[in-house]
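*Asks:* The structure is given below, and queries will be raised subsequently.
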Amino acid sequence: MVLSDHGYPLAHPRLWQKSDLFEGSVRVPMIISVPGTKQGGEKSASLVELIDLYPTLAEICGLAKPTHLKGKSIVSVLDDPVKTVRDAAFTVTRARGKMPSGTKGPKPLGRTIRTDRYRYTEWLAWNGSALAPARPLRLRASELYEHDGDEGAWTDPDVYENVNIVATAAKPLISALSAQLRAAFA
């Protein structure tokens with residue numbers, strides 16, 4: 001198994017720190033080689049999370065998976081790269097860097113959902129201590145990017161996730177993504 005940090009976005013002219021929720025900052029390389037795998041060496045577009053590693057390794061090694069784990073084994077994807085194990089992947093971070101002048105209080109907490117077609121992000125008022133938003137939830141900003149047909153384009157920061165379509169997207173779509181995002185962090 002080979003993993004890596006995603007590194008700094010050195011090629012991006014408008015980003016420096018790793019505390020944004022764009023594709024290039026939340027995506028990490030993952031290579032898993034298992035003797036006897038049916039489709040070794042194949043690339044997969046399946047959404048996975050790093051929390052999926054423990055249950056995957058447990059299954060590969062024939063160990064019992066503890067019941068408290070939230071991850072899902074991706075062994076089925078290793079055998080057939082077209083298969084999927086999740087409908088969405090989630091990431092959370094606190095905002096870092098310079099905030100617009102006049103901004104008061106702790107920097108916002110960002111949470112994002114990535115589906116096969118969209119990335120939807122909510123920036124919430126934050127209590128400043130835990131990776132949990134202030135209650136009741138107060139939405140400070142949101143972003144929506146469509147990823148239909150742009151596989152591989154995430155390496156070009158000039159065209160990828162450059163147009164936030166949240167203001168023009170269908171409200172039922174935003175409501176559904178927001179509900180799925182909030183349920184994942186409930």
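All residue names refer to the structure tokens as shown: chains lettered A, B, ... in order, residues numbered from 1 in each chain, ligands numbered from 1 in order.
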Give me the residues within 6 Å of Asp79 of chain A as a PyMOL selection string, counting only C-alpha atoms and dropping any in the same chain fewer than 2 places off.
*Replies:* chain A and resi 37-39+76-77
*Asks:* Can you list, as number ranges by chain, all residues belonging to chain A that DSSP tags as strand (DSSP E or B)?
*Replies:* A: 2-3, 30-31, 89-94, 109-114, 118-124, 126, 133, 139-146
*Asks:* Let me make sure I understand: among A:Val75, A:Ala169, A:Val163, A:Met30, which one has the smallest atom-to-atom distance to Glu59 of chain A if we use only C-alpha atoms?
*Replies:* A:Val75
*Asks:* With only C-alpha atoms as the basis for distance, which of A:Leu137, A:Arg94, A:Asp148, A:Asn164 is at the shortest distance from Leu21 of chain A?
*Replies:*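 Among A:Leu137, A:Arg94, A:Asp148, A:Asn164, it is A:Arg94 that comes nearest to Leu21 of chain A.
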*Asks:* Could you give me, as a PyMOL selection string, the residues within 8 Å of Gly40 of chain A, counting only C-alpha atoms and dropping anything in the same chain fewer than 4 positions from it?
*Replies:* chain A and resi 33-34+78-79
*Asks:* What lies within 7 Å of Arg114 of chain A using only C-alpha atoms, ignoring chain neighbours under 5 positions off, as a ChimeraX atom specification?
*Replies:* /A:88-90,119-120
*Asks:* Pick out each residue of segment 31-142 of chain A that DSSP on the backbone tags as helix (DSSP H, G or I); I need them as a list in words.
*Replies:*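 Residues of segment 31-142 of chain A classed as helix (DSSP H, G or I): Leu50, Ile51, Asp52, Leu53, Tyr54, Pro55, Thr56, Leu57, Ala58, Glu59, Ile60, Cys61, Val75, Ser76, Val77, Leu78 and Asp79 of chain A.
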*Asks:* Extract, using only C-alpha atoms, all DNA, RNA and protein residues at most 9 Å from Thr84 of chain A, discarding same-chain residues fewer than 3 positions from it, and format them as a PyMOL selection string.
*Replies:* chain A and resi 44-48+74+76-77+80-81+87
*Asks:* One number please: atom CA of Val82 of chain A to atom CA of Thr67 of chain A, in Å, one decimal.
*Replies:*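 Result for atom CA of Val82 of chain A versus atom CA of Thr67 of chain A: 27.1 Å, one decimal.
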*Asks:* Which one of A:Asp5, A:Glu146, A:Glu122, A:Asp116 sits closest to Phe185 of chain A if you count only C-alpha atoms?
*Replies:*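 Closest residue, counting only C-alpha atoms: A:Glu122.
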*Asks:* Rank nothing, just name the residue among A:Leu139, A:Ile165, A:Ile51, A:Val85 nearest to Ser178 of chain A, using only C-alpha atoms.
*Replies:*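 Once distances to Ser178 of chain A are computed over only C-alpha atoms, the minimum belongs to A:Leu139.
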*Asks:* Would you mind telling me which residue in A:Gly105, A:Gly71, A:Pro55, A:Pro133 lies nearest to Val92 of chain A when using only C-alpha atoms?
*Replies:* A:Pro133
*Asks:* Looking at only C-alpha atoms, which of A:Ile32, A:Leu57, A:Leu144, A:Leu181 is the one that sits closest to Arg111 of chain A?
*Replies:* A:Leu181
*Asks:* Give me, please, the distance in Å between atom CA of Trp123 of chain A and atom CA of Ser142 of chain A, quoted to one decimal.
*Replies:*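 If I compute the distance from atom CA of Trp123 of chain A to atom CA of Ser142 of chain A, I get 6.0 Å.
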